[in-house]
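Asks: Supplied structure: final_28.txt, compact mmCIF, C-alpha atoms.
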# COMPACT_ATOMS: atom_id res chain seq x y z
CA MET A 1479 -2.79 7.39 55.56
CA GLU A 1480 -0.25 8.67 58.09
CA GLY A 1481 -0.35 7.34 61.60
CA HIS A 1482 -1.43 3.87 60.58
CA GLY A 1483 2.11 2.62 60.04
CA LYS A 1484 1.33 1.72 56.44
CA GLU A 1485 2.47 3.47 53.31
CA PHE A 1486 -0.31 4.24 50.82
CA VAL A 1487 0.19 2.33 47.57
CA GLN A 1488 -2.00 2.73 44.53
CA LYS A 1489 -1.77 0.46 41.52
CA GLN A 1490 -2.05 2.41 38.28
CA ALA A 1491 -2.10 1.52 34.58
CA PHE A 1492 -0.48 3.89 32.08
CA THR A 1493 1.25 4.01 28.71
CA LEU A 1494 4.99 4.54 28.56
CA HIS A 1495 6.53 5.64 25.24
CA PHE A 1496 10.01 4.39 24.42
CA PHE A 1497 11.54 6.02 21.31
CA GLY A 1498 8.03 6.84 20.11
CA VAL A 1499 6.79 3.26 20.50
CA PRO A 1500 3.96 2.83 23.02
CA TYR A 1501 4.34 0.17 25.69
CA ALA A 1502 1.51 -0.87 27.99
CA THR A 1503 2.54 -1.39 31.59
CA GLU A 1504 1.47 -0.82 35.13
CA GLY A 1505 3.18 0.47 38.21
CA LYS A 1506 2.68 1.56 41.81
CA ALA A 1507 2.31 5.13 42.99
CA GLN A 1508 3.75 5.57 46.50
CA ALA A 1509 2.46 8.08 49.03
CA ASN A 1510 5.78 9.93 48.86
CA GLY A 1511 5.25 10.65 45.12
CA GLU A 1512 7.66 8.01 43.86
CA PHE A 1513 6.54 5.64 41.17
CA SER A 1514 7.84 2.11 40.71
CA LEU A 1515 7.39 0.13 37.51
CA ALA A 1516 6.18 -3.44 37.44
CA HIS A 1517 8.67 -4.54 34.78
CA GLU A 1518 7.33 -8.05 34.55
CA SER A 1519 4.08 -6.70 33.08
CA LEU A 1520 5.81 -4.70 30.30
CA ALA A 1521 4.17 -5.65 27.00
CA MET A 1522 4.49 -3.90 23.68
CA ASN A 1523 1.34 -2.56 22.03
CA LYS A 1524 1.90 -3.01 18.31
CA PRO A 1525 0.74 0.00 16.32
CA GLU A 1526 -2.15 -0.70 14.00
CA VAL A 1527 -1.01 -1.46 10.46
CA LYS A 1528 -2.85 0.67 7.92
CA LEU A 1529 -3.20 -0.71 4.43
CA CYS A 1530 -3.97 1.33 1.34
CA ARG A 1531 -4.72 0.97 -2.34
CA LEU A 1532 -3.27 3.43 -4.83
CA ILE A 1533 -4.01 3.59 -8.57
CA TYR A 1534 -2.25 5.94 -10.96
CA TYR A 1535 -1.78 6.30 -14.69
CA SER A 1536 1.02 7.85 -16.70
CA SER A 1537 2.23 8.31 -20.26
CA ALA A 1538 5.08 6.11 -21.44
CA SER A 1539 8.24 7.90 -22.56
CA PRO A 1540 8.47 7.87 -26.38
CA HIS A 1541 11.82 6.01 -26.36
CA LEU A 1542 10.54 3.20 -24.09
CA GLN A 1543 11.24 -0.33 -25.37
CA ASP A 1544 9.59 -3.64 -24.42
CA SER A 1545 12.85 -4.59 -22.68
CA ASP A 1546 12.44 -1.47 -20.47
CA VAL A 1547 8.96 -2.62 -19.46
CA ASP A 1548 10.32 -6.08 -18.64
CA ALA A 1549 13.03 -4.41 -16.51
CA ILE A 1550 10.34 -2.38 -14.70
CA LEU A 1551 8.53 -5.63 -13.88
CA ASP A 1552 11.71 -7.33 -12.63
CA GLU A 1553 12.57 -4.33 -10.42
CA ALA A 1554 9.00 -4.14 -9.07
CA VAL A 1555 8.83 -7.84 -8.21
CA GLU A 1556 12.07 -7.62 -6.23
CA GLN A 1557 11.44 -4.28 -4.49
CA ASN A 1558 7.75 -4.88 -3.76
CA GLY A 1559 8.49 -8.30 -2.34
CA ARG A 1560 10.89 -6.71 0.16
CA CYS A 1561 8.37 -3.99 1.09
CA GLY A 1562 5.23 -6.15 1.28
CA ILE A 1563 3.58 -4.35 -1.64
CA THR A 1564 1.36 -6.14 -4.15
CA GLY A 1565 -0.16 -5.02 -7.40
CA LEU A 1566 -0.62 -5.11 -11.12
CA LEU A 1567 0.79 -2.97 -13.94
CA ALA A 1568 -1.10 -2.48 -17.21
CA TYR A 1569 0.79 -1.19 -20.26
CA ASP A 1570 -0.25 -0.56 -23.87
CA ALA A 1571 2.86 1.10 -25.49
CA PHE A 1572 1.42 4.55 -24.74
CA HIS A 1573 0.20 4.47 -21.14
CA PHE A 1574 0.81 2.79 -17.83
CA MET A 1575 -1.84 2.21 -15.20
CA GLN A 1576 -0.86 0.54 -11.96
CA ILE A 1577 -2.53 -0.56 -8.75
CA LEU A 1578 -0.41 -0.80 -5.61
CA GLU A 1579 -1.52 -2.23 -2.26
CA GLY A 1580 0.27 -2.52 1.06
CA GLU A 1581 1.20 -0.62 4.19
CA ASP A 1582 0.45 3.03 3.55
CA GLU A 1583 3.96 4.33 4.28
CA ALA A 1584 5.58 1.78 1.95
CA VAL A 1585 3.06 2.46 -0.83
CA ASN A 1586 3.44 6.23 -0.49
CA ASN A 1587 7.25 6.00 -0.62
CA LEU A 1588 7.07 3.75 -3.68
CA TYR A 1589 4.66 6.11 -5.43
CA LEU A 1590 7.07 9.03 -4.90
CA SER A 1591 9.84 6.94 -6.43
CA ILE A 1592 7.63 5.89 -9.36
CA ALA A 1593 6.57 9.48 -10.05
CA ALA A 1594 10.25 10.46 -10.42
CA ASP A 1595 11.07 7.62 -12.87
CA PRO A 1596 12.08 9.02 -16.31
CA ARG A 1597 10.60 6.04 -18.18
CA HIS A 1598 7.23 7.78 -18.00
CA TYR A 1599 5.75 11.24 -17.44
CA ASP A 1600 2.49 12.98 -16.55
CA VAL A 1601 1.88 10.70 -13.55
CA ARG A 1602 -1.69 11.18 -12.27
CA LEU A 1603 -3.38 9.70 -9.23
CA ILE A 1604 -6.74 8.01 -9.90
CA LEU A 1605 -7.47 6.53 -6.47
CA TYR A 1606 -6.04 6.44 -2.97
CA GLN A 1607 -8.01 4.64 -0.26
CA GLN A 1608 -7.57 2.80 3.01
CA ILE A 1609 -8.35 -0.92 2.74
CA ASP A 1610 -8.81 -3.85 5.10
CA GLU A 1611 -7.34 -6.48 2.77
CA PRO A 1612 -5.45 -6.37 -0.52
CA ARG A 1613 -7.08 -7.66 -3.72
CA PHE A 1614 -3.78 -8.58 -5.37
CA SER A 1615 -2.00 -10.55 -2.66
CA GLU A 1616 -1.00 -13.26 -5.18
CA TRP A 1617 1.70 -11.10 -6.79
CA SER A 1618 4.32 -8.67 -5.62
CA MET A 1619 3.72 -7.33 -9.13
CA ALA A 1620 2.18 -8.68 -12.32
CA LEU A 1621 2.22 -7.20 -15.81
CA ALA A 1622 -0.64 -7.07 -18.31
CA LYS A 1623 0.58 -5.99 -21.74
CA LEU A 1624 -2.32 -4.63 -23.72
CA PRO A 1625 -4.01 -5.34 -26.11
CA ASP A 1626 -2.97 -8.96 -25.44
CA VAL A 1627 -5.44 -8.89 -22.55
CA PRO A 1628 -9.07 -8.52 -23.57
CA GLY A 1629 -10.82 -5.41 -22.32
CA ARG A 1630 -14.38 -5.35 -23.65
CA TYR A 1631 -15.67 -3.72 -20.47
CA ILE A 1632 -13.34 -0.75 -20.91
CA ASP A 1633 -13.70 -0.75 -24.70
CA ASN A 1634 -17.46 -0.37 -24.28
CA LEU A 1635 -17.09 2.46 -21.75
CA TYR A 1636 -14.16 4.42 -23.16
CA GLY A 1637 -13.45 3.09 -26.66
CA GLY A 1638 -10.19 1.46 -25.57
CA PHE A 1639 -7.52 1.68 -22.89
CA LYS A 1640 -7.64 5.37 -21.98
CA PRO A 1641 -6.73 5.47 -18.29
CA GLN A 1642 -6.87 9.26 -18.22
CA LEU A 1643 -10.67 8.90 -18.54
CA PHE A 1644 -11.16 6.17 -15.93
CA SER A 1645 -13.22 6.85 -12.86
CA PRO A 1646 -11.80 5.36 -9.63
CA ASP A 1647 -14.53 2.66 -9.66
CA ASP A 1648 -13.86 1.75 -13.29
CA ALA A 1649 -10.12 1.55 -12.63
CA VAL A 1650 -10.70 -0.93 -9.78
CA LYS A 1651 -13.12 -2.95 -11.95
CA TYR A 1652 -10.62 -3.00 -14.79
CA PHE A 1653 -7.87 -4.32 -12.52
CA ASP A 1654 -10.25 -6.99 -11.23
CA ILE A 1655 -10.90 -8.04 -14.87
CA LEU A 1656 -7.16 -8.14 -15.58
CA ARG A 1657 -6.50 -10.15 -12.42
CA HIS A 1658 -9.13 -12.76 -13.32
CA TYR A 1659 -7.81 -12.98 -16.88
CA LEU A 1660 -4.20 -13.44 -15.70
CA GLU A 1661 -5.22 -16.04 -13.11
CA ARG A 1662 -7.06 -18.09 -15.76
CA ALA A 1663 -4.18 -17.74 -18.23
CA ALA A 1664 -1.59 -18.98 -15.71
Could you show the structure in this file as structure tokens?

Replies:
Amino acid sequence: MEGHGKEFVQKQAFTLHFFGVPYATEGKAQANGEFSLAHESLAMNKPEVKLCRLIYYSSASPHLQDSDVDAILDEAVEQNGRCGITGLLAYDAFHFMQILEGEDEAVNNLYLSIAADPRHYDVRLILYQQIDEPRFSEWSMALAKLPDVPGRYIDNLYGGFKPQLFSPDDAVKYFDILRHYLERAA
């Protein structure tokens, strides 16, 4: 565009990363290779939040008391509330089975912490999946002490609460049954 007395200017959209966070903006590319930002159009693109559901089971430590289980619930309610995690814990004096839902990074970090807790052992993952919406958004954590909660569905399939035998689908169904029972009992 030389000789016309005008400088060539091209408007261009691009993504600028600031400390790993993407920002959408636009700017102007000059004929001389310089680039000027249009700061007034700077707008943050929020990264997509990914939610997940995680279900695990474990064996309760032999020395575990009911007061320990109550302490687990109190800790979970407080910590999960801060982290945006929801869920339900089932316990029958021998086994735990828990469903956790929330942002995947928070749930994964919590699961690592849970797996290291000495109040149980033999922690095994039943299900991990991406979800659009949580099923247990009513509680940061709820506790179902078994056999106080009826479980005919599971009794018919497995002869009792034996989470080590649960399929992922049956684990989700069982937590749905527990949720409905606890909601009606409240």

Asks: Taking all atoms listed in the file into account, name the residue in A:Pro1540, A:Glu1553, A:Gly1562, A:Leu1660 that is nearest to Leu1621 in chain A.

Replies: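 Result for the nearest residue to Leu1621 in chain A: A:Leu1660.
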
Asks: Give me the residues within 10 Å of Val1650 in chain A as a PyMOL selection string, counting all atoms listed in the file and dropping any in the same chain fewer than 5 places off.

Replies: chain A and resi 1531-1533+1577+1604-1605+1613+1644-1645+1655-1656

Asks: I'd like to know which of A:Glu1579, A:Pro1596, A:Gly1637, A:Phe1572 is closest to Ile1609 in chain A, using all atoms listed in the file.

Replies: A:Glu1579

Asks: For Asp1648 in chain A, which residue among A:Leu1566, A:Leu1578, A:Glu1583, A:Tyr1636 is the nearest when counting only C-alpha atoms?

Replies: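 Among the listed residues, A:Tyr1636 lies closest to Asp1648 in chain A.
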
Asks: Residues within 6 Å of Asp1582 in chain A, please, as a list in words. Count all atoms listed in the file; anything in the same chain fewer than 3 positions from it doesn't count.

Replies: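 Listed by chain and then number, they are Lys1528, Leu1529, Cys1530, Val1585 and Asn1586 of chain A.
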
Asks: Please, what distance in Å, to one decimal, runs between CA of Gly1638 in chain A and CA of Pro1625 in chain A?

Replies: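 For CA of Gly1638 in chain A relative to CA of Pro1625 in chain A, the distance reads 9.2 Å.
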
Asks: Given 4 Å on each side, where is the centre and what are the edge lengths in Å to one decimal of the axis-aligned box enclosing the listed atoms of range 1543-1546 of chain A, as JSON?

Replies:
{"center_x": 11.2, "center_y": -2.5, "center_z": -22.9, "size_x": 11.3, "size_y": 12.3, "size_z": 12.9}

Asks: Pick from A:Leu1643, A:Ala1622, A:Leu1542, A:Ala1649: nearest to Glu1661 in chain A, with only C-alpha atoms counted?

Replies: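 Nearest to Glu1661 in chain A: A:Ala1622.
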
Asks: Fewer than 4 positions away in the same chain doesn't count, so skip those; otherwise give me all residues within 8 Å of range 1557-1559 of chain A, counting only C-alpha atoms, as a PyMOL selection string.

Replies: chain A and resi 1553+1563-1564+1618-1619

Asks: Restricting the calculation to only C-alpha atoms, which member of A:Ala1620, A:His1658, A:Glu1581, A:Tyr1652 is positioned closest to Ala1554 in chain A?

Replies: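 Nearest to Ala1554 in chain A: A:Ala1620.
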
Asks: Provide the CA of Asp1600 in chain A to CA of Ala1538 in chain A distance in Å, to one decimal place.

Replies: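 Taking CA of Asp1600 in chain A and CA of Ala1538 in chain A, their separation equals 8.8 Å.
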
Asks: Can you measure CA of Ser1537 in chain A to CA of Phe1574 in chain A for me? One decimal in Å is fine.

Replies: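 Computed distance, CA of Ser1537 in chain A to CA of Phe1574 in chain A, equals 6.2 Å.
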
Asks: Looking at A:Lys1651, A:Pro1641, A:Leu1624, A:Tyr1534, which one is nearest to Ile1592 in chain A, with distances taken over all atoms listed in the file?

Replies: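 Using all atoms listed in the file, the shortest distance to Ile1592 in chain A belongs to A:Tyr1534.
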
Asks: Could N, CA and C atoms be built for range 1541-1559 of chain A and written out as a compact mmCIF listing (two decimals), keeping the file's coordinate frame?

Replies:
# COMPACT_ATOMS: atom_id res chain seq x y z
N HIS A 1541 10.70 6.90 -26.05
CA HIS A 1541 11.82 6.01 -26.36
C HIS A 1541 11.74 4.67 -25.62
N LEU A 1542 10.68 4.41 -24.89
CA LEU A 1542 10.54 3.20 -24.09
C LEU A 1542 10.45 1.96 -24.99
N GLN A 1543 11.23 0.94 -24.65
CA GLN A 1543 11.24 -0.33 -25.37
C GLN A 1543 10.55 -1.41 -24.53
N ASP A 1544 10.17 -2.52 -25.16
CA ASP A 1544 9.59 -3.64 -24.42
C ASP A 1544 10.57 -4.16 -23.36
N SER A 1545 11.86 -4.13 -23.66
CA SER A 1545 12.85 -4.59 -22.68
C SER A 1545 12.85 -3.68 -21.44
N ASP A 1546 12.55 -2.39 -21.61
CA ASP A 1546 12.44 -1.47 -20.47
C ASP A 1546 11.26 -1.85 -19.59
N VAL A 1547 10.15 -2.23 -20.22
CA VAL A 1547 8.96 -2.62 -19.46
C VAL A 1547 9.24 -3.92 -18.69
N ASP A 1548 9.94 -4.84 -19.33
CA ASP A 1548 10.32 -6.08 -18.64
C ASP A 1548 11.24 -5.78 -17.45
N ALA A 1549 12.14 -4.81 -17.61
CA ALA A 1549 13.03 -4.41 -16.51
C ALA A 1549 12.23 -3.77 -15.37
N ILE A 1550 11.22 -2.98 -15.72
CA ILE A 1550 10.34 -2.38 -14.70
C ILE A 1550 9.68 -3.49 -13.89
N LEU A 1551 9.18 -4.51 -14.57
CA LEU A 1551 8.53 -5.63 -13.88
C LEU A 1551 9.52 -6.34 -12.96
N ASP A 1552 10.71 -6.64 -13.45
CA ASP A 1552 11.71 -7.33 -12.63
C ASP A 1552 12.06 -6.51 -11.38
N GLU A 1553 12.26 -5.20 -11.55
CA GLU A 1553 12.57 -4.33 -10.42
C GLU A 1553 11.41 -4.30 -9.42
N ALA A 1554 10.18 -4.22 -9.94
CA ALA A 1554 9.00 -4.14 -9.07
C ALA A 1554 8.81 -5.43 -8.28
N VAL A 1555 8.99 -6.57 -8.91
CA VAL A 1555 8.83 -7.84 -8.21
C VAL A 1555 9.80 -7.92 -7.04
N GLU A 1556 11.06 -7.55 -7.28
CA GLU A 1556 12.07 -7.62 -6.23
C GLU A 1556 11.80 -6.60 -5.12
N GLN A 1557 11.61 -5.34 -5.49
CA GLN A 1557 11.44 -4.28 -4.49
C GLN A 1557 10.12 -4.45 -3.72
N ASN A 1558 9.05 -4.73 -4.42
CA ASN A 1558 7.75 -4.88 -3.76
C ASN A 1558 7.73 -6.06 -2.82
N GLY A 1559 8.40 -7.14 -3.21
CA GLY A 1559 8.49 -8.30 -2.34
C GLY A 1559 9.15 -7.97 -1.01
